[in-house]
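Participant: Pasting start-v1.cif below, which is mmCIF, C-alpha atoms and all ligand atoms.
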data_upload
loop_
_atom_site.group_PDB
_atom_site.id
_atom_site.type_symbol
_atom_site.label_atom_id
_atom_site.label_comp_id
_atom_site.auth_asym_id
_atom_site.auth_seq_id
_atom_site.Cartn_x
_atom_site.Cartn_y
_atom_site.Cartn_z
ATOM 1 C CA MET A 1 -27.370 1.338 15.977
ATOM 2 C CA ASP A 2 -25.689 -0.741 18.615
ATOM 3 C CA PHE A 3 -22.558 -2.863 18.601
ATOM 4 C CA GLU A 4 -24.761 -5.992 18.595
ATOM 5 C CA ASP A 5 -26.161 -4.926 15.211
ATOM 6 C CA ILE A 6 -22.730 -5.435 13.621
ATOM 7 C CA THR A 7 -22.541 -8.946 12.185
ATOM 8 C CA GLN A 8 -19.371 -8.770 10.118
ATOM 9 C CA ILE A 9 -16.183 -6.755 10.055
ATOM 10 C CA ILE A 10 -14.573 -6.730 6.611
ATOM 11 C CA ILE A 11 -10.992 -5.455 6.622
ATOM 12 C CA THR A 12 -9.737 -3.835 3.401
ATOM 13 C CA HIS A 13 -6.127 -4.162 4.673
ATOM 14 C CA VAL A 14 -4.371 -4.454 8.039
ATOM 15 C CA HIS A 15 -2.742 -1.019 8.307
ATOM 16 C CA PRO A 16 -3.276 0.465 11.787
ATOM 17 C CA ASP A 17 -5.821 3.032 10.601
ATOM 18 C CA HIS A 18 -8.030 0.347 8.981
ATOM 19 C CA PHE A 19 -7.602 -2.531 11.402
ATOM 20 C CA GLY A 20 -6.757 -0.882 14.713
ATOM 21 C CA LEU A 21 -10.170 -1.258 16.355
ATOM 22 C CA ALA A 22 -11.154 -4.586 14.798
ATOM 23 C CA GLY A 23 -10.341 -6.531 17.973
ATOM 24 C CA LYS A 24 -12.335 -4.147 20.149
ATOM 25 C CA ILE A 25 -15.360 -4.132 17.803
ATOM 26 C CA LYS A 26 -15.296 -7.907 17.594
ATOM 27 C CA GLU A 27 -15.254 -8.120 21.377
ATOM 28 C CA LEU A 28 -18.222 -5.742 21.720
ATOM 29 C CA SER A 29 -20.304 -7.138 18.866
ATOM 30 C CA GLY A 30 -19.335 -10.781 18.459
ATOM 31 C CA ALA A 31 -19.069 -10.104 14.718
ATOM 32 C CA GLU A 32 -16.907 -12.220 12.442
ATOM 33 C CA VAL A 33 -13.732 -10.718 11.017
ATOM 34 C CA THR A 34 -13.028 -11.241 7.316
ATOM 35 C CA MET A 35 -9.962 -10.288 5.271
ATOM 36 C CA HIS A 36 -7.778 -11.383 2.357
ATOM 37 C CA LYS A 37 -5.475 -14.328 3.077
ATOM 38 C CA LEU A 38 -2.353 -12.269 2.231
ATOM 39 C CA GLU A 39 -3.261 -9.709 4.914
ATOM 40 C CA GLU A 40 -3.710 -12.451 7.495
ATOM 41 C CA GLU A 41 -0.154 -13.594 6.768
ATOM 42 C CA ILE A 42 1.345 -10.282 7.876
ATOM 43 C CA ILE A 43 -0.592 -9.701 11.109
ATOM 44 C CA ARG A 44 1.728 -11.723 13.327
ATOM 45 C CA SER A 45 4.967 -10.032 12.262
ATOM 46 C CA ARG A 46 3.387 -6.566 12.319
ATOM 47 C CA TYR A 47 1.563 -6.682 15.625
ATOM 48 C CA TRP A 48 2.379 -9.713 17.765
ATOM 49 C CA ASP A 49 5.990 -10.507 17.130
ATOM 50 C CA THR A 50 7.569 -7.403 15.637
ATOM 51 C CA ASP A 51 11.323 -7.982 16.291
ATOM 52 C CA SER A 52 12.152 -9.986 13.197
ATOM 53 C CA LEU A 53 10.206 -7.671 10.870
ATOM 54 C CA THR A 54 11.999 -4.638 12.335
ATOM 55 C CA GLN A 55 15.348 -6.349 11.749
ATOM 56 C CA GLN A 56 14.442 -7.362 8.197
ATOM 57 C CA MET A 57 13.252 -3.832 7.484
ATOM 58 C CA GLY A 58 16.577 -2.490 8.828
ATOM 59 C CA SER A 59 18.664 -4.696 6.519
ATOM 60 C CA TRP A 60 16.380 -3.895 3.588
ATOM 61 C CA LEU A 61 16.726 -0.146 4.149
ATOM 62 C CA ARG A 62 20.494 -0.412 4.672
ATOM 63 C CA SER A 63 20.949 -2.403 1.460
ATOM 64 C CA ASN A 64 18.997 0.297 -0.362
ATOM 65 C CA GLY A 65 21.349 2.990 0.857
ATOM 66 C CA VAL A 66 19.716 4.535 3.945
ATOM 67 C CA PRO A 67 22.647 6.139 5.841
ATOM 68 C CA ASP A 68 23.550 4.727 9.275
ATOM 69 C CA ASP A 69 22.550 7.886 11.148
ATOM 70 C CA GLU A 70 19.032 7.769 9.682
ATOM 71 C CA LEU A 71 18.581 4.026 9.851
ATOM 72 C CA PRO A 72 17.143 3.572 13.395
ATOM 73 C CA GLY A 73 14.548 6.305 12.777
ATOM 74 C CA LEU A 74 13.356 4.839 9.494
ATOM 75 C CA GLN A 75 13.553 1.258 10.707
ATOM 76 C CA ASN A 76 11.441 1.771 13.835
ATOM 77 C CA VAL A 77 9.009 4.395 12.594
ATOM 78 C CA SER A 78 5.918 2.185 12.499
ATOM 79 C CA LEU A 79 6.397 0.581 15.925
ATOM 80 C CA GLU A 80 4.618 3.393 17.785
ATOM 81 C CA LEU A 81 1.593 3.114 15.495
ATOM 82 C CA ALA A 82 1.545 -0.665 15.836
ATOM 83 C CA LYS A 83 1.147 -0.279 19.604
ATOM 84 C CA LEU A 84 -2.221 1.439 19.062
ATOM 85 C CA VAL A 85 -3.653 -1.593 17.282
ATOM 86 C CA ASP A 86 -5.799 -4.215 18.981
ATOM 87 C CA PRO A 87 -5.108 -6.988 16.468
ATOM 88 C CA VAL A 88 -7.398 -9.921 15.948
ATOM 89 C CA ALA A 89 -7.153 -13.115 13.883
ATOM 90 C CA PRO A 90 -9.753 -13.404 11.119
ATOM 91 C CA ASN A 91 -12.614 -15.926 11.161
ATOM 92 C CA ARG A 92 -12.810 -16.084 7.392
ATOM 93 C CA LEU A 93 -10.227 -15.608 4.638
ATOM 94 C CA LEU A 94 -10.860 -14.258 1.150
ATOM 95 C CA SER A 95 -8.919 -14.507 -2.101
ATOM 96 C CA SER A 96 -10.883 -12.673 -4.806
ATOM 97 C CA GLY A 97 -14.256 -12.855 -6.518
ATOM 98 C CA GLU A 98 -16.266 -13.970 -3.492
ATOM 99 C CA THR A 99 -19.705 -12.458 -2.967
ATOM 100 C CA ILE A 100 -20.657 -11.293 0.511
ATOM 101 C CA PRO A 101 -24.417 -10.887 1.027
ATOM 102 C CA VAL A 102 -25.501 -7.635 2.713
ATOM 103 C CA GLU A 103 -28.989 -6.301 3.372
ATOM 104 C CA GLY A 104 -30.711 -5.678 0.037
ATOM 105 C CA SER A 105 -27.598 -6.303 -2.046
ATOM 106 C CA SER A 106 -24.221 -8.016 -2.104
ATOM 107 C CA LEU A 107 -20.568 -7.065 -2.129
ATOM 108 C CA GLN A 108 -18.145 -8.525 -4.614
ATOM 109 C CA VAL A 109 -14.594 -8.952 -3.282
ATOM 110 C CA LEU A 110 -11.937 -7.503 -5.606
ATOM 111 C CA TRP A 111 -8.297 -8.163 -4.807
ATOM 112 C CA CYS A 112 -6.481 -4.873 -5.431
ATOM 113 C CA PRO A 113 -2.869 -5.298 -4.260
ATOM 114 C CA GLY A 114 -0.233 -2.553 -4.232
ATOM 115 C CA HIS A 115 -0.894 -0.393 -1.189
ATOM 116 C CA SER A 116 -0.844 -3.602 0.844
ATOM 117 C CA PRO A 117 -0.362 -7.133 -0.569
ATOM 118 C CA GLY A 118 -3.858 -8.373 0.272
ATOM 119 C CA HIS A 119 -5.783 -5.112 -0.063
ATOM 120 C CA ILE A 120 -9.382 -5.611 -1.192
ATOM 121 C CA CYS A 121 -12.080 -3.321 -2.551
ATOM 122 C CA LEU A 122 -15.770 -4.191 -2.264
ATOM 123 C CA TYR A 123 -18.134 -3.630 -5.157
ATOM 124 C CA ASP A 124 -21.895 -3.301 -4.762
ATOM 125 C CA GLN A 125 -22.998 -3.759 -8.357
ATOM 126 C CA LYS A 126 -26.677 -3.131 -7.660
ATOM 127 C CA ARG A 127 -26.061 0.232 -5.994
ATOM 128 C CA LYS A 128 -23.021 1.039 -8.172
ATOM 129 C CA LEU A 129 -20.916 1.654 -5.075
ATOM 130 C CA LEU A 130 -17.253 0.888 -4.503
ATOM 131 C CA PHE A 131 -15.715 0.631 -1.029
ATOM 132 C CA ALA A 132 -12.174 1.485 -2.036
ATOM 133 C CA GLY A 133 -10.103 1.352 1.193
ATOM 134 C CA ASP A 134 -6.773 3.012 0.372
ATOM 135 C CA HIS A 135 -6.658 1.809 -3.235
ATOM 136 C CA LEU A 136 -8.416 4.905 -4.603
ATOM 137 C CA LEU A 137 -8.449 8.189 -2.701
ATOM 138 C CA PRO A 138 -9.950 11.408 -4.069
ATOM 139 C CA LYS A 139 -6.955 13.714 -3.457
ATOM 140 C CA THR A 140 -3.953 11.766 -2.165
ATOM 141 C CA THR A 141 -2.163 9.262 -4.360
ATOM 142 C CA PRO A 142 -2.047 6.104 -2.229
ATOM 143 C CA ASN A 143 1.413 5.049 -1.122
ATOM 144 C CA ILE A 144 2.638 2.068 -3.128
ATOM 145 C CA GLY A 145 5.903 0.912 -1.609
ATOM 146 C CA MET A 146 8.217 -2.003 -2.144
ATOM 147 C CA HIS A 147 9.608 -3.518 1.045
ATOM 148 C CA VAL A 148 10.026 -6.830 2.836
ATOM 149 C CA GLN A 149 6.268 -7.503 3.008
ATOM 150 C CA SER A 150 5.075 -5.899 -0.206
ATOM 151 C CA GLY A 151 5.322 -8.858 -2.554
ATOM 152 C CA PRO A 152 7.598 -8.882 -5.610
ATOM 153 C CA ASP A 153 6.080 -6.088 -7.742
ATOM 154 C CA PRO A 154 3.596 -3.938 -5.788
ATOM 155 C CA LEU A 155 3.315 -1.126 -8.337
ATOM 156 C CA GLY A 156 2.829 -3.533 -11.248
ATOM 157 C CA GLY A 157 0.016 -5.174 -9.249
ATOM 158 C CA TYR A 158 -1.493 -1.808 -8.331
ATOM 159 C CA LEU A 159 -1.601 -0.592 -11.946
ATOM 160 C CA LYS A 160 -3.124 -3.881 -13.090
ATOM 161 C CA ALA A 161 -5.818 -3.582 -10.410
ATOM 162 C CA LEU A 162 -6.571 0.002 -11.537
ATOM 163 C CA ASP A 163 -7.106 -1.325 -15.083
ATOM 164 C CA MET A 164 -9.411 -4.020 -13.772
ATOM 165 C CA LEU A 165 -11.522 -1.495 -11.834
ATOM 166 C CA GLN A 166 -11.944 0.621 -14.942
ATOM 167 C CA GLU A 167 -14.334 -2.026 -16.283
ATOM 168 C CA LEU A 168 -16.808 -1.445 -13.421
ATOM 169 C CA ASP A 169 -19.897 0.693 -13.457
ATOM 170 C CA VAL A 170 -19.386 2.871 -10.360
ATOM 171 C CA GLU A 171 -21.370 5.977 -9.470
ATOM 172 C CA MET A 172 -19.977 6.563 -6.010
ATOM 173 C CA VAL A 173 -16.693 5.682 -4.326
ATOM 174 C CA LEU A 174 -16.471 5.341 -0.538
ATOM 175 C CA PRO A 175 -12.744 5.604 0.219
ATOM 176 C CA GLY A 176 -10.890 4.988 3.465
ATOM 177 C CA HIS A 177 -9.779 8.635 3.769
ATOM 178 C CA GLU A 178 -10.801 12.134 2.725
ATOM 179 C CA HIS A 179 -14.296 12.180 1.198
ATOM 180 C CA ILE A 180 -16.833 10.318 -0.942
ATOM 181 C CA PHE A 181 -16.363 10.987 -4.666
ATOM 182 C CA THR A 182 -18.140 10.335 -7.948
ATOM 183 C CA ASN A 183 -15.479 10.955 -10.646
ATOM 184 C CA PHE A 184 -14.419 7.318 -10.541
ATOM 185 C CA GLN A 185 -13.065 6.893 -14.100
ATOM 186 C CA GLN A 186 -11.330 10.271 -14.043
ATOM 187 C CA ARG A 187 -9.626 9.469 -10.732
ATOM 188 C CA ILE A 188 -8.333 6.154 -12.094
ATOM 189 C CA GLU A 189 -6.844 7.991 -15.067
ATOM 190 C CA GLU A 190 -5.268 10.632 -12.807
ATOM 191 C CA LEU A 191 -3.656 7.944 -10.651
ATOM 192 C CA SER A 192 -2.330 6.015 -13.663
ATOM 193 C CA SER A 193 -0.846 9.135 -15.212
ATOM 194 C CA HIS A 194 0.668 10.177 -11.868
ATOM 195 C CA HIS A 195 2.606 6.907 -11.809
ATOM 196 C CA LYS A 196 3.609 7.271 -15.456
ATOM 197 C CA GLU A 197 4.986 10.747 -14.705
ATOM 198 C CA ARG A 198 6.820 9.573 -11.611
ATOM 199 C CA MET A 199 8.198 6.624 -13.536
ATOM 200 C CA ALA A 200 9.581 9.045 -16.130
ATOM 201 C CA HIS A 201 11.138 11.222 -13.395
ATOM 202 C CA ILE A 202 12.777 8.235 -11.761
ATOM 203 C CA ARG A 203 13.952 6.884 -15.100
ATOM 204 C CA GLY A 204 15.495 10.323 -15.716
ATOM 205 C CA VAL A 205 17.385 10.290 -12.410
ATOM 206 C CA VAL A 206 18.882 6.821 -12.960
ATOM 207 C CA GLY A 207 22.168 7.297 -14.838
ATOM 208 C CA ASP A 208 25.188 5.382 -16.104
ATOM 209 C CA THR A 209 26.758 5.318 -12.655
ATOM 210 C CA PRO A 210 25.115 2.792 -10.316
ATOM 211 C CA GLN A 211 23.083 4.465 -7.551
ATOM 212 C CA VAL A 212 21.202 3.207 -4.499
ATOM 213 C CA ALA A 213 17.442 3.827 -4.164
ATOM 214 C CA TYR A 214 17.938 6.264 -1.253
ATOM 215 C CA ASP A 215 20.042 8.578 -3.444
ATOM 216 C CA ILE A 216 17.595 8.276 -6.331
ATOM 217 C CA ALA A 217 14.654 9.085 -4.004
ATOM 218 C CA ALA A 218 16.506 12.193 -2.767
ATOM 219 C CA ARG A 219 16.606 13.552 -6.320
ATOM 220 C CA ILE A 220 12.926 13.169 -7.206
ATOM 221 C CA PRO A 221 10.740 16.263 -6.920
ATOM 222 C CA TRP A 222 8.339 15.107 -4.170
ATOM 223 C CA VAL A 223 5.066 17.026 -3.847
ATOM 224 C CA GLU A 224 5.801 19.061 -6.962
ATOM 225 C CA GLY A 225 9.156 20.172 -5.646
ATOM 226 C CA LYS A 226 7.728 21.894 -2.562
ATOM 227 C CA VAL A 227 9.241 19.529 -0.028
ATOM 228 C CA LYS A 228 13.010 19.481 0.569
ATOM 229 C CA TRP A 229 14.417 15.973 1.081
ATOM 230 C CA ASP A 230 16.280 16.959 4.276
ATOM 231 C CA ARG A 231 13.055 18.258 5.811
ATOM 232 C CA ILE A 232 11.043 15.075 5.285
ATOM 233 C CA GLY A 233 10.376 13.195 8.552
ATOM 234 C CA ALA A 234 11.209 9.512 9.071
ATOM 235 C CA PHE A 235 7.718 8.168 8.293
ATOM 236 C CA HIS A 236 7.407 9.937 4.963
ATOM 237 C CA LYS A 237 11.046 9.437 4.052
ATOM 238 C CA ARG A 238 10.710 5.683 4.442
ATOM 239 C CA ALA A 239 7.517 5.784 2.357
ATOM 240 C CA ALA A 240 9.382 7.805 -0.304
ATOM 241 C CA VAL A 241 12.285 5.324 -0.465
ATOM 242 C CA CYS A 242 9.868 2.374 -0.692
ATOM 243 C CA GLU A 243 7.758 4.177 -3.305
ATOM 244 C CA THR A 244 10.914 4.862 -5.358
ATOM 245 C CA LEU A 245 11.833 1.182 -5.075
ATOM 246 C CA ALA A 246 8.376 0.169 -6.362
ATOM 247 C CA HIS A 247 8.924 2.282 -9.487
ATOM 248 C CA LEU A 248 12.505 1.041 -9.910
ATOM 249 C CA GLU A 249 11.207 -2.531 -9.796
ATOM 250 C CA VAL A 250 8.739 -1.890 -12.648
ATOM 251 C CA LEU A 251 11.527 -0.258 -14.694
ATOM 252 C CA THR A 252 13.772 -3.257 -13.986
ATOM 253 C CA ILE A 253 11.044 -5.745 -15.006
ATOM 254 C CA GLU A 254 10.476 -3.725 -18.186
ATOM 255 C CA GLN A 255 14.256 -4.003 -18.791
ATOM 256 C CA LYS A 256 14.678 -0.238 -18.965
ATOM 257 C CA ILE A 257 17.232 -0.229 -16.153
ATOM 258 C CA ASP A 258 19.526 -2.768 -14.501
ATOM 259 C CA LYS A 259 19.430 -3.792 -10.872
ATOM 260 C CA ILE A 260 22.794 -4.839 -9.433
ATOM 261 C CA GLU A 261 22.669 -6.672 -6.135
ATOM 262 C CA ASN A 262 25.829 -6.727 -4.029
ATOM 263 C CA GLN A 263 26.182 -5.621 -0.430
ATOM 264 C CA TYR A 264 23.987 -2.731 -1.584
ATOM 265 C CA VAL A 265 21.378 -2.738 -4.343
ATOM 266 C CA TYR A 266 22.240 -0.382 -7.186
ATOM 267 C CA TYR A 267 20.346 0.775 -10.247
ATOM 268 C CA LYS A 268 21.770 2.016 -13.519
ATOM 269 C CA VAL A 269 20.699 2.633 -17.074
ATOM 270 C CA ARG A 270 20.738 -0.471 -19.256
ATOM 271 C CA ASP A 271 23.874 -0.782 -21.408
HETATM 272 ZN ZN ZN A 301 -3.315 1.896 4.248
HETATM 273 ZN ZN ZN A 302 -5.351 4.412 5.373
#
Output the file's structure in the form of structure tokens.
Ligand SMILES: [Zn+2]
Ligand SMILES: [Zn+2]
Facilitator:
Amino acid sequence: MDFEDITQIIITHVHPDHFGLAGKIKELSGAEVTMHKLEEEIIRSRYWDTDSLTQQMGSWLRSNGVPDDELPGLQNVSLELAKLVDPVAPNRLLSSGETIPVEGSSLQVLWCPGHSPGHICLYDQKRKLLFAGDHLLPKTTPNIGMHVQSGPDPLGGYLKALDMLQELDVEMVLPGHEHIFTNFQQRIEELSSHHKERMAHIRGVVGDTPQVAYDIAARIPWVEGKVKWDRIGAFHKRAAVCETLAHLEVLTIEQKIDKIENQYVYYKVRD
């Protein structure tokens, strides 16, 4: 196979590890680039004009309780990765439900937000295959974080998309990381119950006294209690705070806890 044989580049989401070479491959192949419209909206601020996103991320993290001495590290942690990306504007935008013809079959576009606002999976009904990007991974639970670009309720959207996928007849999943897997239904159930468990943990940590998300995140047993909060590096710590916020948002929407927004954003048990 040669680069000229590539006729289309379909992006599941614009994270560096899924989008980084799109510009280069387009240049070598002349192929069209396709992605969800919500992913297109975040390319500029992530890769071409990063200052305002970095500032917004800083204020977001500060308002959620990240201490001043940790703030620069957490705020700037994705800038190095962004430099590795050769970004490209898409030729075609998707929303959901489109069918993309491929040799001998077709791919149905399924909008599966959560890990990224415009994340898509691609379903080949004839071959019973699912290209899952980072929505379903065989071992890791995909990071679902709430932040300035995540949309209003990323975890709610993620869980809804998991339910939707459950209706599909899938024999093989081709994920963006780790390895191909076949226990599709079982994996969906594992991921849903993981979030239910984490939700219960987080609900248990929220008390009568208002707390910021950073302090709540520090009290959750990450990786089954094997990782100490102080030893977590900036990249993972930011992901942990954002993941905690995604769960706190679902609990707030379900009216199980209250969110109090002042100079900082606090959470407490509902009176
Ligand atoms: Zn990703
Ligand atoms: Zn990834």
Participant: Determine the nearest neighbour of ligand ZN 301 (chain A) from the options A:Gly207, A:Gly156, A:Gly65, A:Gly20, counting all atoms listed in the file.
Facilitator: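 Of the candidates, the smallest distance to ligand ZN 301 (chain A) is held by A:Gly20.
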Participant: Taking the file as shown, what set of residues would the PyMOL selection byres (((not hetatm)) within 8 of (chain A and resi 302)) give back, as a list of chain:residue names?
Facilitator: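 Applying the PyMOL selection byres (((not hetatm)) within 8 of (chain A and resi 302)) to the structure shown produces A:His15, A:Pro16, A:Asp17, A:His18, A:Gly133, A:Asp134, A:Gly176, A:His177.
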Participant: Can I get the selection written as a PDB file, in the coordinates of the input, with C-alpha atoms?
Facilitator:
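Final output, saved to result-v2.pdb:
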ATOM      1  CA  HIS A  15      -2.742  -1.019   8.307  1.00  0.00           C
ATOM      2  CA  PRO A  16      -3.276   0.465  11.787  1.00  0.00           C
ATOM      3  CA  ASP A  17      -5.821   3.032  10.601  1.00  0.00           C
ATOM      4  CA  HIS A  18      -8.030   0.347   8.981  1.00  0.00           C
ATOM      5  CA  GLY A 133     -10.103   1.352   1.193  1.00  0.00           C
ATOM      6  CA  ASP A 134      -6.773   3.012   0.372  1.00  0.00           C
ATOM      7  CA  GLY A 176     -10.890   4.988   3.465  1.00  0.00           C
ATOM      8  CA  HIS A 177      -9.779   8.635   3.769  1.00  0.00           C
TER       9      HIS A 177
END
Participant: My list of candidates is A:Thr141, A:Ile9, A:His201, A:Leu130. Which is closest to ligand ZN 301 (chain A) when distances are computed with only C-alpha atoms and all ligand atoms?
Facilitator: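 With only C-alpha atoms and all ligand atoms as the atom set, the closest residue is A:Thr141.
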Participant: All residues within 12 Å of ligand ZN 301 (chain A) are required, counting only C-alpha atoms and all ligand atoms; please report them as a JSON list (two decimals) with C-alpha atoms, in the coordinates of the input.
Facilitator:
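Contents of the output file out13.json:
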[["chain", "number", "residue", "atom", "x", "y", "z"],
["A", 11, "ILE", "CA", -10.99, -5.46, 6.62],
["A", 12, "THR", "CA", -9.74, -3.84, 3.40],
["A", 13, "HIS", "CA", -6.13, -4.16, 4.67],
["A", 14, "VAL", "CA", -4.37, -4.45, 8.04],
["A", 15, "HIS", "CA", -2.74, -1.02, 8.31],
["A", 16, "PRO", "CA", -3.28, 0.46, 11.79],
["A", 17, "ASP", "CA", -5.82, 3.03, 10.60],
["A", 18, "HIS", "CA", -8.03, 0.35, 8.98],
["A", 19, "PHE", "CA", -7.60, -2.53, 11.40],
["A", 20, "GLY", "CA", -6.76, -0.88, 14.71],
["A", 39, "GLU", "CA", -3.26, -9.71, 4.91],
["A", 113, "PRO", "CA", -2.87, -5.30, -4.26],
["A", 114, "GLY", "CA", -0.23, -2.55, -4.23],
["A", 115, "HIS", "CA", -0.89, -0.39, -1.19],
["A", 116, "SER", "CA", -0.84, -3.60, 0.84],
["A", 117, "PRO", "CA", -0.36, -7.13, -0.57],
["A", 118, "GLY", "CA", -3.86, -8.37, 0.27],
["A", 119, "HIS", "CA", -5.78, -5.11, -0.06],
["A", 120, "ILE", "CA", -9.38, -5.61, -1.19],
["A", 132, "ALA", "CA", -12.17, 1.48, -2.04],
["A", 133, "GLY", "CA", -10.10, 1.35, 1.19],
["A", 134, "ASP", "CA", -6.77, 3.01, 0.37],
["A", 135, "HIS", "CA", -6.66, 1.81, -3.24],
["A", 136, "LEU", "CA", -8.42, 4.90, -4.60],
["A", 137, "LEU", "CA", -8.45, 8.19, -2.70],
["A", 140, "THR", "CA", -3.95, 11.77, -2.16],
["A", 141, "THR", "CA", -2.16, 9.26, -4.36],
["A", 142, "PRO", "CA", -2.05, 6.10, -2.23],
["A", 143, "ASN", "CA", 1.41, 5.05, -1.12],
["A", 144, "ILE", "CA", 2.64, 2.07, -3.13],
["A", 145, "GLY", "CA", 5.90, 0.91, -1.61],
["A", 175, "PRO", "CA", -12.74, 5.60, 0.22],
["A", 176, "GLY", "CA", -10.89, 4.99, 3.46],
["A", 177, "HIS", "CA", -9.78, 8.64, 3.77],
["A", 239, "ALA", "CA", 7.52, 5.78, 2.36]]
Participant: Report the distance between atom CA of A:Gln55 and atom CA of A:Pro152 in Å, rounded to one decimal place.
Facilitator: 19.2 Å
Participant: Would you kindly return, as a list in words, each protein, DNA or RNA residue with an atom no farther than 9 Å from any atom of A:Gly97, considering all atoms listed in the file and excluding same-chain residues fewer than 6 positions away?
Facilitator: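 The neighbour list is Gln108, Val109, Leu110 and Trp111 of chain A.
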Participant: Spell out the residues picked by the PyMOL selection byres (((chain A and resi 84-87) around 7) and not hetatm) here, as a PyMOL selection string.
Facilitator: chain A and resi 16+20-24+47+81-83+88-89
Participant: For a cut-off of 9 Å around (24.7, -2.6, 2.7), file coordinates, pick out all residues using all atoms listed in the file and list them as a PDB file with C-alpha atoms, in the frame of the given file.
Facilitator:
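What ended up in result_14.pdb:
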ATOM      1  CA  SER A  59      18.664  -4.696   6.519  1.00  0.00           C
ATOM      2  CA  TRP A  60      16.380  -3.895   3.588  1.00  0.00           C
ATOM      3  CA  LEU A  61      16.726  -0.146   4.149  1.00  0.00           C
ATOM      4  CA  ARG A  62      20.494  -0.412   4.672  1.00  0.00           C
ATOM      5  CA  SER A  63      20.949  -2.403   1.460  1.00  0.00           C
ATOM      6  CA  ASN A  64      18.997   0.297  -0.362  1.00  0.00           C
ATOM      7  CA  GLY A  65      21.349   2.990   0.857  1.00  0.00           C
ATOM      8  CA  VAL A  66      19.716   4.535   3.945  1.00  0.00           C
ATOM      9  CA  ASN A 262      25.829  -6.727  -4.029  1.00  0.00           C
ATOM     10  CA  GLN A 263      26.182  -5.621  -0.430  1.00  0.00           C
ATOM     11  CA  TYR A 264      23.987  -2.731  -1.584  1.00  0.00           C
ATOM     12  CA  VAL A 265      21.378  -2.738  -4.343  1.00  0.00           C
TER      13      VAL A 265
END
